[in-house]
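Enquirer: I'd like to ask some things about the structure below.
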Protein chains: 2
Amino acid sequence: MTITERRMTLEEFLRLAEEEPPLEYWDGKVTRKVSPQGKHGRLETKFAERVNRFAEPPRLAMAITELRATFGGGSPVPDVAIYRWDRIPLDPDGAIADVFVEAPDIAVEILSPDQSLKEQIAKCRWFVDHGAQIALLFHPRERSVRLFRPDAELRVLRGADRIDLDAVLPGFELTVNDLFAMLYPG
Amino acid sequence: MTITERRMTLEEFLRLAEEEPPLEYWDGKVTRKVSPQGKHGRLETKFAERVNRFAEPPRLAMAITELRATFGGGSPVPDVAIYRWDRIPLDPDGAIADVFVEAPDIAVEILSPDQSLKEQIAKCRWFVDHGAQIALLFHPRERSVRLFRPDAELRVLRGADRIDLDAVLPGFELTVNDLFAMLYPG
């Protein structure tokens, strides 16, 4: 994964990483990697955990972070992808496959400080136009969640609004307040 | 995050993505992003979940996926970073900060099919040489876990071996078999 053997200083790298956020630096070498920060990582980890705690025991669905799925003529990597149990691709020995070629039932994007809201909204629309039943866009600074459905108007949820995932996860209960409370470990 | 406005076909993109795995493609546009596959994403999600279920209720530690931390003259992004509770940086309002500038207590890397084992071993050594108390390297194809400690010999764990994280998470119980069983949803 090393993309250059040119040695550089940390300061040089941090300037470079500002322009190209998905670069990684260790031991003087640059490699590429996505660069999410604390809030992004926390929300991704905890939202997937909440979904799995609800949906795995009844074998209803599974949430996976940072998974590439190639479908609908595209190959996006949603921050969290949720697949119904019977749609998870398996190897012959029953292990989860490496390659996913169908749309997730729910695709989640978390807006990073350096990302364009407009572009992430377009991406969420793309998900529901190409097979996802629901797309969610978490906006940590606004403390809002945008919920996209095929053939339905975008809904902007805040505060005590329920994040309604019943089309895929009937009975899953989480409000916008619950979601962003995950950011406060105190 | 769009890195080119040049339109390309999915086939062109997939050839490009073979050379540059962290690119993302949707709606005919290329953006950069890490490209983990099913087993990588599942192990990352579930290992963080197991750690959080054990370590969050007593406010002992927190696991975060795909978090950049800048320390020791480097800026790596471990697949899972575990910080003891009192070392988690907070904003003035108590929310988890975006910028992490200290080494995680435990850094976890999951070997992808396209990654060099030698390079990932070197990266794990770098973690424990620069402040991490433990680094773990999961090798899904080998069904093995390499455990690195500062000033200790590398241990290669398999089968019923316990993944001993007592230095940071005393009492946390997980064997190598338990870890890779997470790959089998059946």
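Each chain of the structure tokens is named A, B, ... in the order shown, its residues numbered from 1; ligands are numbered from 1 in display order.
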Taking the backbone alone, and naming residues the way the document does, which bits of segment 73-106 of chain B are strand (DSSP E) by DSSP, as a ChimeraX atom specification?

Expert: /B:80-84,106

Enquirer: Please provide as a PDB file with N, CA and C atoms, in the first residue's frame all residues within 7 Å of segment 51-60 of chain A, with the sequence filter that same-chain residues fewer than 2 positions apart are discarded (counting only C-alpha atoms).

Expert:
```pdb
ATOM      1  N   PHE A  47     -22.943   3.270  15.964  1.00  0.00           N
ATOM      2  CA  PHE A  47     -24.192   3.028  15.239  1.00  0.00           C
ATOM      3  C   PHE A  47     -24.220   1.576  14.751  1.00  0.00           C
ATOM      4  N   ALA A  48     -23.108   1.099  14.194  1.00  0.00           N
ATOM      5  CA  ALA A  48     -23.046  -0.301  13.751  1.00  0.00           C
ATOM      6  C   ALA A  48     -23.291  -1.241  14.927  1.00  0.00           C
ATOM      7  N   GLU A  49     -22.713  -0.890  16.077  1.00  0.00           N
ATOM      8  CA  GLU A  49     -22.876  -1.722  17.280  1.00  0.00           C
ATOM      9  C   GLU A  49     -24.351  -1.790  17.699  1.00  0.00           C
ATOM     10  N   MET A  62     -27.201  -7.321   9.422  1.00  0.00           N
ATOM     11  CA  MET A  62     -25.848  -7.128   9.926  1.00  0.00           C
ATOM     12  C   MET A  62     -25.328  -5.782   9.442  1.00  0.00           C
ATOM     13  N   ALA A  63     -24.632  -5.061  10.317  1.00  0.00           N
ATOM     14  CA  ALA A  63     -24.014  -3.782   9.952  1.00  0.00           C
ATOM     15  C   ALA A  63     -22.508  -3.976   9.833  1.00  0.00           C
ATOM     16  N   ARG A  84     -29.687  -7.204   5.057  1.00  0.00           N
ATOM     17  CA  ARG A  84     -30.530  -8.232   5.662  1.00  0.00           C
ATOM     18  C   ARG A  84     -29.775  -9.553   5.627  1.00  0.00           C
ATOM     19  N   TRP A  85     -30.045 -10.391   6.640  1.00  0.00           N
ATOM     20  CA  TRP A  85     -29.271 -11.624   6.876  1.00  0.00           C
ATOM     21  C   TRP A  85     -29.174 -12.491   5.622  1.00  0.00           C
ATOM     22  N   PHE A 172     -36.699  -1.234  15.480  1.00  0.00           N
ATOM     23  CA  PHE A 172     -35.443  -0.629  15.934  1.00  0.00           C
ATOM     24  C   PHE A 172     -35.722   0.790  16.412  1.00  0.00           C
TER      25      PHE A 172
END
```

Enquirer: Residues near segment 111-128 of chain B, anyone? I mean within 9 Å using only C-alpha atoms, not counting same-chain ones fewer than 2 positions away, as an MDAnalysis selection string.

Expert: (chainID A and resid 1:2 26:27) or (chainID B and resid 21 36:37 39:40 72 76 103:104 106:109 130:141 146:151)

Enquirer: Any chance you can output those residues with N, CA and C atoms as a tab-separated table (two decimals), in the first residue's frame?

Expert:
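File out-v7.tsv, as written:
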```tsv
chain	number	residue	atom	x	y	z
A	1	MET	N	0.82	-1.20	0.00
A	1	MET	CA	0.00	0.00	0.00
A	1	MET	C	0.86	1.27	0.00
A	2	THR	N	2.19	1.09	0.10
A	2	THR	CA	3.05	2.26	0.10
A	2	THR	C	2.99	2.92	-1.27
A	26	TRP	N	3.49	6.77	8.38
A	26	TRP	CA	4.14	6.16	9.55
A	26	TRP	C	5.51	5.74	9.11
A	27	ASP	N	6.43	5.84	10.01
A	27	ASP	CA	7.81	5.44	9.74
A	27	ASP	C	8.36	6.15	8.52
B	21	PRO	N	-6.32	0.78	-4.53
B	21	PRO	CA	-7.51	0.32	-3.83
B	21	PRO	C	-8.31	1.41	-3.11
B	36	PRO	N	-11.71	-1.69	2.11
B	36	PRO	CA	-11.71	-2.99	2.77
B	36	PRO	C	-12.87	-3.83	2.26
B	37	GLN	N	-12.69	-5.11	2.33
B	37	GLN	CA	-13.70	-6.02	1.84
B	37	GLN	C	-14.47	-6.62	3.01
B	39	LYS	N	-14.57	-9.47	4.91
B	39	LYS	CA	-14.01	-10.03	6.16
B	39	LYS	C	-13.34	-8.95	6.99
B	40	HIS	N	-12.64	-8.03	6.31
B	40	HIS	CA	-11.98	-6.91	6.99
B	40	HIS	C	-13.02	-6.07	7.74
B	72	GLY	N	4.24	10.44	17.83
B	72	GLY	CA	5.51	9.76	17.56
B	72	GLY	C	6.10	10.12	16.21
B	76	PRO	N	-0.64	7.54	11.63
B	76	PRO	CA	-1.27	6.33	11.10
B	76	PRO	C	-2.78	6.31	11.39
B	103	ALA	N	-0.79	8.19	21.19
B	103	ALA	CA	-0.87	6.80	20.73
B	103	ALA	C	-2.06	6.11	21.37
B	104	PRO	N	-2.76	5.24	20.61
B	104	PRO	CA	-3.77	4.41	21.27
B	104	PRO	C	-3.09	3.44	22.24
B	106	ILE	N	-4.13	0.36	22.56
B	106	ILE	CA	-4.06	-0.84	21.72
B	106	ILE	C	-4.37	-0.41	20.28
B	107	ALA	N	-3.51	-0.81	19.34
B	107	ALA	CA	-3.74	-0.55	17.92
B	107	ALA	C	-3.93	-1.88	17.22
B	108	VAL	N	-4.95	-1.96	16.36
B	108	VAL	CA	-5.26	-3.22	15.67
B	108	VAL	C	-5.21	-3.00	14.17
B	109	GLU	N	-4.50	-3.88	13.48
B	109	GLU	CA	-4.50	-3.91	12.02
B	109	GLU	C	-5.04	-5.26	11.56
B	130	HIS	N	6.26	3.36	19.67
B	130	HIS	CA	5.89	4.78	19.76
B	130	HIS	C	4.72	5.02	20.70
B	131	GLY	N	4.57	4.19	21.73
B	131	GLY	CA	3.62	4.52	22.79
B	131	GLY	C	2.47	3.56	22.99
B	132	ALA	N	2.14	2.74	21.99
B	132	ALA	CA	1.05	1.77	22.21
B	132	ALA	C	1.53	0.68	23.17
B	133	GLN	N	0.64	0.23	24.05
B	133	GLN	CA	1.02	-0.85	24.96
B	133	GLN	C	0.92	-2.20	24.29
B	134	ILE	N	0.00	-2.30	23.34
B	134	ILE	CA	-0.22	-3.55	22.62
B	134	ILE	C	-0.55	-3.20	21.17
B	135	ALA	N	-0.03	-3.99	20.23
B	135	ALA	CA	-0.53	-3.94	18.85
B	135	ALA	C	-0.93	-5.35	18.46
B	136	LEU	N	-2.00	-5.44	17.69
B	136	LEU	CA	-2.51	-6.74	17.23
B	136	LEU	C	-2.57	-6.73	15.72
B	137	LEU	N	-2.16	-7.82	15.11
B	137	LEU	CA	-2.32	-7.99	13.67
B	137	LEU	C	-3.16	-9.23	13.42
B	138	PHE	N	-4.38	-9.01	12.91
B	138	PHE	CA	-5.27	-10.13	12.58
B	138	PHE	C	-4.95	-10.60	11.16
B	139	HIS	N	-4.82	-11.90	10.99
B	139	HIS	CA	-4.52	-12.46	9.66
B	139	HIS	C	-5.67	-13.41	9.31
B	140	PRO	N	-6.70	-12.89	8.60
B	140	PRO	CA	-7.88	-13.71	8.38
B	140	PRO	C	-7.61	-15.02	7.62
B	141	ARG	N	-6.73	-14.99	6.62
B	141	ARG	CA	-6.51	-16.23	5.87
B	141	ARG	C	-5.80	-17.28	6.71
B	146	ARG	N	-1.19	-11.91	15.58
B	146	ARG	CA	0.15	-11.59	16.09
B	146	ARG	C	0.00	-10.51	17.17
B	147	LEU	N	0.62	-10.75	18.32
B	147	LEU	CA	0.50	-9.84	19.46
B	147	LEU	C	1.87	-9.23	19.75
B	148	PHE	N	1.93	-7.91	19.68
B	148	PHE	CA	3.18	-7.16	19.88
B	148	PHE	C	3.09	-6.39	21.19
B	149	ARG	N	4.19	-6.44	21.98
B	149	ARG	CA	4.32	-5.62	23.18
B	149	ARG	C	5.66	-4.90	23.12
B	150	PRO	N	5.78	-3.74	23.77
B	150	PRO	CA	7.10	-3.11	23.80
B	150	PRO	C	8.07	-4.02	24.56
B	151	ASP	N	9.25	-4.16	24.08
B	151	ASP	CA	10.29	-4.93	24.79
B	151	ASP	C	9.89	-6.38	25.04
```

Enquirer: Using only C-alpha atoms, find the one residue out of A:Val101, A:Ile96, A:Ala81, A:Leu174 that sits nearest to chain B.

Expert: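 Closest to chain B, using only C-alpha atoms: A:Ile96.
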
Enquirer: For chain A, which residue out of B:Val99, B:Val145, B:Val80, B:Ala160 is the nearest one, using only C-alpha atoms?

Expert: B:Val99

Enquirer: Just checking: using only C-alpha atoms, which residue out of B:Val168, B:Ile110, B:Leu183, B:Ile163 ends up closest to chain A?

Expert: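 Comparing B:Val168, B:Ile110, B:Leu183, B:Ile163 against chain A, the winner is B:Leu183.
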
Enquirer: Please indicate the distance in Å from atom CA of Gly186 of chain A to atom CA of Lys46 of chain A, rounded to one decimal place.

Expert: 15.3 Å

Enquirer: To one decimal place in Å, what is the distance between atom CA of Tyr184 of chain B and atom CA of Ala95 of chain A?

Expert: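 Computed distance, atom CA of Tyr184 of chain B to atom CA of Ala95 of chain A, equals 4.6 Å.
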
Enquirer: Looking at B:Asp178, B:Glu102, B:Glu173, B:Glu66, which one is nearest to chain A, with distances taken over only C-alpha atoms?

Expert: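 For chain A, the nearest of the candidates is B:Glu66.
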
Enquirer: As an exercise, work out the distance from atom CA of Asp161 of chain B to atom CA of Leu67 of chain B in Å and give it to one decimal place.

Expert: 27.8 Å

Enquirer: Counting only C-alpha atoms, figure out which residue out of A:Asp86, A:Asp166, A:Asp98, A:Glu44 gets nearest to chain B.

Expert: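 When distances to chain B are compared using only C-alpha atoms, the smallest one comes from A:Asp98.
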
Enquirer: Rank A:Asp164, A:Met182, A:Glu153, A:Val176 by their smallest atom-to-atom distance to chain B, using only C-alpha atoms, and report the top residue only.

Expert: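 Once distances to chain B are computed over only C-alpha atoms, the minimum belongs to A:Met182.
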